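Undergrad: My questions all concern the structure below.
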Amino acid sequence: MTTTSTTTMSLGDRMHASEVSESAFALFDEQGTTVGWTQAAERLTGYSAGDVVGRSAALVLPAFDEGQSMSAFVERCRAEHGWSGVTAVSHRDGRVLDVGLRISVLHGRDGIARRLMSMSDVGARSGEAVSGAVRGALLTRAPIGISIRDPRLRCFAVNDEMETHDGIARDRRLGRRFTDVLPGVKAEALEAVMRQVLRSGTTKVHEYRTWLPTILGPERPFAVSFSCLQGADGRALGLCVISVDVTESQLARERLTVLTHAGARLGRTLDVMQTSQELADLAVPLFADFVAVDLEQSVPFGEGAPVRIGQVGDRLPVFRRAGLSSIRPGVPESPWARGEPVPLPPGSPVAAVLAAGRSHFEPILDTAPGTWIDQDRPRARKIHEHGMHSLMIVPIRMRRALLGVVVFTRTKDPVPFQEADLFLAEELVSRAAVSLDNARRYAREQTAALALQRNLLPHRLRGGAAVETASRYLPADLDHGVGGDWFDVIPLSGARVALVVGDVVGHGIDAAATMGRLRTAVHTLADTELPPEELLAHLDDTVQRLAEADAGSPEDMAAVVGATCLYAVYDPVTRRCTMASAGHPPPAIVDPQGRVSFPDLPTGAPLGIGLGVPFEAVELELAEGTLLALYTDGLVEARGHDIEEGMRLLGTALATPDRSLAELCDRAMEPFAGQAACDDVTLLLVRTRALSPTQVASWTLPRDQSAVRRARNLAAGQLSAWGLEGLEEPTKLIVSELVTNAIRHGTGPIGVRLIRHSVLTCEVSDADLCAPRSRSARIVDESGRGLFLVSQLSRRWGSRLVPGGKVVWAEQAIGPEPSHPRESGPAFEPEEQWTVPTDV
């Protein structure tokens, strides 16, 4: 059959077929001996034609597999009719180059097969958005037509793909010139170009826009290039003619463009669910009709050890659907919605993917009875219902860790997936895997930080008789990370409580750990009964010492985080609240009538700054039922308004004090419902209580030996009035020892006070500023056992400084209240009665 179609060309119309123009070619025989070389190959590898022609191609091409000889590789190419991919070749100067390599099998009239090796440097355009590795690997998979022509322009070797380009059979082409099979002016023009290449002896590629009408279908655009093959002496042995279907390469280019955008779109957040959805959206409708991204369940939650490739047994890991995309509205192809667990039958191809760590490629999906589909009815129904006919399953892996799998299918597009589609899918998934692994690691860190912080925060607040409490804590979103916010309610002696809220600068597990150390330090300092301003001064020293210990050098001190803190002490006996701040916002105070105020609290420097400026305290008298709101700046600072506006909104939310504390907490946190916070949000609400005067009894005694007897009698009478006769004997002993100590070691009048709240507190005060301490008395000592006895009779004891002296106190546990307690009040009036100062 004679082909009469003509060839139309636009000489000089350069194509953007960089896969042709940048390729270096080498021809070798079945034994792997190089028989032809190009100047482009010399530029790429540094070897000239004289260096390699007549020698084994292993000089440039290392063993394909470790320990594999060149002859074995040639046998593999013969069995597989060629090979393509990204591999390494040796440069003459010793470097190893990453190249896109293609080994094509060519057939000649003599029946001897030859191999054409084409190479392109995948790192040549490192500045482009799409890596050369991706471009080279994609294009080495594209079908190209190859023919080798001798110096007389006769074809003596050709590959099978050339016939699919122009419809000319191999037997009709071999031994003939181009004008013999496609006569005409245009064919003669092409041969003129071939002669020009042979005369010049160069490997310069000539590109033309050509249309070759074929017997196989409508006309398609091709790019044809000609390269001169040289022998060992540098003379022209012939030509290598490469024909590339521009339609396929243009499609590859469009898909490569997606990878360019993928680098910018994937991983913009540290949310694994969003990244998974972005991956699905990129693939549809680019080269798939339906895509599902399933993540191994430890990835979204950041918990548990990752699943390792190859370690999957009969029990498959649990997957959750994280991304879905389809050309059909509503994604009807998926039986499971995002976030739902996805069951896998044992015979599913996913099991093989997990075991081997390689993709499952099924261009024609086998839906016949007896396949794995029979074991998976939900998927089988969707496969048949929507006509899924081509399938790819690509593992999401990072090193040996399995993050999930991505399922690509075609339904409406009748063309099955090709190898180029598989490579693009693998490249797209590998890019997403980096983002997902980063998000997984960050999620694990944030989960650990959140777990640490929640374990370090108080699990139960104890306000005792002083305050009613409620709290809320909302960690920041994953992009910002868990911070170092904390709050606390610390019981103190005399029915008082310390109210604390703080904020460590920074986010992450380090901030959470620093918060834990500061909270422990505050607890330790609170036990010393220091006033708020002095406690903050000691806490500031603690933060500076921690910073010095953590910093590797003095220059690193600036990088160590600081903190803000608000510390307040409330006394339900006097209803007075003393507070001091270290760079922290003031609390909101709501009186029983709903009036909101923010006290003019001196704002000291944040902890750890080291300015040396003393902290100042403010004392307020609060009505019973007053509401105090302690918070961190995340509650009042937002992008939409400044801190003053945030404080106003907080006051408005709290201006209904008749509501429960839980309701008020919810109202204050409403602006953050359903949205990710940029910073931790912490709120501690307390409603003050006041002890009834009948719960407190106090006396002032003269400083003489009779004070001990009077104190014992007064205490016994008061306990009888309170119905606490069971505590009479230990209380009398405690009072005796403390009053005796005050007489011997103190100065001024002696004050005695009993407070009945959740415990029974006995306090003895004097004007001396020296705090007592327990010591171990020797056998021969006649004294020194008083405080030891006090410690044995009480649940705890201690001392605190007050204006004008000190208070030594001891607490005893109170059993269940009697069903009908006596009227509280003094049992009798002593001969002399004084009122102890309210600050004692």
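Chain identifiers are assigned as A, B, and so on, following the order in which chains appear in the structure tokens; residues are numbered from 1 within each chain, and ligands are numbered from 1 in order of appearance.
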Which residues come within 7 Å of Gln277 in chain A, counting only C-alpha atoms, excluding same-chain residues fewer than 3 positions away, as a PDB file with N, CA, C and O atoms, in the first residue's frame?

TA:
```pdb
ATOM      1  N   MET A 273      -5.897  17.183  57.651  1.00  0.00           N
ATOM      2  CA  MET A 273      -7.146  17.010  56.914  1.00  0.00           C
ATOM      3  C   MET A 273      -7.216  17.980  55.737  1.00  0.00           C
ATOM      4  O   MET A 273      -7.617  17.602  54.631  1.00  0.00           O
ATOM      5  N   GLN A 274      -6.808  19.219  55.951  1.00  0.00           N
ATOM      6  CA  GLN A 274      -6.845  20.196  54.863  1.00  0.00           C
ATOM      7  C   GLN A 274      -5.836  19.845  53.787  1.00  0.00           C
ATOM      8  O   GLN A 274      -6.121  19.954  52.591  1.00  0.00           O
ATOM      9  N   ALA A 280      -6.411  15.809  47.056  1.00  0.00           N
ATOM     10  CA  ALA A 280      -7.505  15.259  46.249  1.00  0.00           C
ATOM     11  C   ALA A 280      -7.983  16.271  45.213  1.00  0.00           C
ATOM     12  O   ALA A 280      -8.241  15.912  44.050  1.00  0.00           O
ATOM     13  N   ASP A 281      -8.088  17.528  45.613  1.00  0.00           N
ATOM     14  CA  ASP A 281      -8.566  18.559  44.686  1.00  0.00           C
ATOM     15  C   ASP A 281      -7.591  18.801  43.548  1.00  0.00           C
ATOM     16  O   ASP A 281      -8.002  19.176  42.436  1.00  0.00           O
ATOM     17  N   ALA A 322      -9.720  11.225  54.788  1.00  0.00           N
ATOM     18  CA  ALA A 322      -9.300  12.597  55.075  1.00  0.00           C
ATOM     19  C   ALA A 322      -9.508  13.539  53.901  1.00  0.00           C
ATOM     20  O   ALA A 322      -9.583  14.754  54.091  1.00  0.00           O
ATOM     21  N   GLY A 323      -9.582  13.022  52.681  1.00  0.00           N
ATOM     22  CA  GLY A 323      -9.764  13.869  51.510  1.00  0.00           C
ATOM     23  C   GLY A 323     -10.628  13.188  50.475  1.00  0.00           C
ATOM     24  O   GLY A 323     -10.507  11.977  50.255  1.00  0.00           O
ATOM     25  N   LEU A 324     -11.520  13.952  49.830  1.00  0.00           N
ATOM     26  CA  LEU A 324     -12.420  13.416  48.809  1.00  0.00           C
ATOM     27  C   LEU A 324     -12.597  14.449  47.708  1.00  0.00           C
ATOM     28  O   LEU A 324     -12.783  15.631  47.991  1.00  0.00           O
TER      29      LEU A 324
END
```

Undergrad: Mind checking which residues fall within 10 Å of Leu769 in chain A, counting only C-alpha atoms, ignoring those fewer than 2 positions away in the same chain, and posting them as a list in words?

TA: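 Using only C-alpha atoms, the neighbours found are Gly746, Thr747, Asp766, Ala767, Ala771, Pro772, Arg800, Leu801, Val802, Pro803, Gly804, Gly805, Lys806 and Val807 of chain A.
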
Undergrad: Near Gly347 in chain A, counting only C-alpha atoms, which residues have an atom at most 10 Å away, once you skip same-chain residues fewer than 5 positions from it, shown as a PyMOL selection string?

TA: chain A and resi 314+352+371-376

Undergrad: For the selection just defined, write its residues with N, CA, C and O atoms to a file, as a JSON list (two decimals), in the first residue's frame.

TA:
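To be explicit, this is the file written out as result-v6.json:
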```
[["chain", "number", "residue", "atom", "x", "y", "z"],
["A", 314, "ASP", "N", -1.68, -9.77, 59.08],
["A", 314, "ASP", "CA", -3.07, -10.04, 58.71],
["A", 314, "ASP", "C", -4.01, -8.94, 59.17],
["A", 314, "ASP", "O", -5.05, -8.70, 58.56],
["A", 352, "ALA", "N", -1.50, -5.34, 49.74],
["A", 352, "ALA", "CA", -0.25, -5.53, 49.01],
["A", 352, "ALA", "C", 0.56, -4.25, 48.96],
["A", 352, "ALA", "O", 1.80, -4.27, 49.05],
["A", 371, "THR", "N", -12.77, -11.90, 42.38],
["A", 371, "THR", "CA", -11.71, -10.97, 42.74],
["A", 371, "THR", "C", -11.96, -10.41, 44.15],
["A", 371, "THR", "O", -12.96, -10.72, 44.80],
["A", 372, "TRP", "N", -11.04, -9.55, 44.59],
["A", 372, "TRP", "CA", -11.15, -8.96, 45.93],
["A", 372, "TRP", "C", -12.42, -8.12, 46.09],
["A", 372, "TRP", "O", -12.89, -7.91, 47.21],
["A", 373, "ILE", "N", -12.97, -7.67, 44.98],
["A", 373, "ILE", "CA", -14.16, -6.83, 45.04],
["A", 373, "ILE", "C", -15.34, -7.59, 45.65],
["A", 373, "ILE", "O", -16.20, -7.00, 46.31],
["A", 374, "ASP", "N", -15.37, -8.93, 45.47],
["A", 374, "ASP", "CA", -16.46, -9.72, 46.04],
["A", 374, "ASP", "C", -16.50, -9.62, 47.56],
["A", 374, "ASP", "O", -17.57, -9.77, 48.17],
["A", 375, "GLN", "N", -15.34, -9.37, 48.20],
["A", 375, "GLN", "CA", -15.29, -9.29, 49.66],
["A", 375, "GLN", "C", -15.60, -7.89, 50.18],
["A", 375, "GLN", "O", -15.60, -7.68, 51.39],
["A", 376, "ASP", "N", -15.80, -6.96, 49.29],
["A", 376, "ASP", "CA", -15.98, -5.56, 49.69],
["A", 376, "ASP", "C", -17.25, -5.03, 49.03],
["A", 376, "ASP", "O", -17.21, -4.34, 48.01]]
```

Undergrad: Given the choices A:Met515, A:Val500, A:Val318, A:Leu607, which gets closest to Ala351 in chain A if the distance is worked out from only C-alpha atoms?

TA: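 The answer is A:Val318, which sits nearest to Ala351 in chain A.
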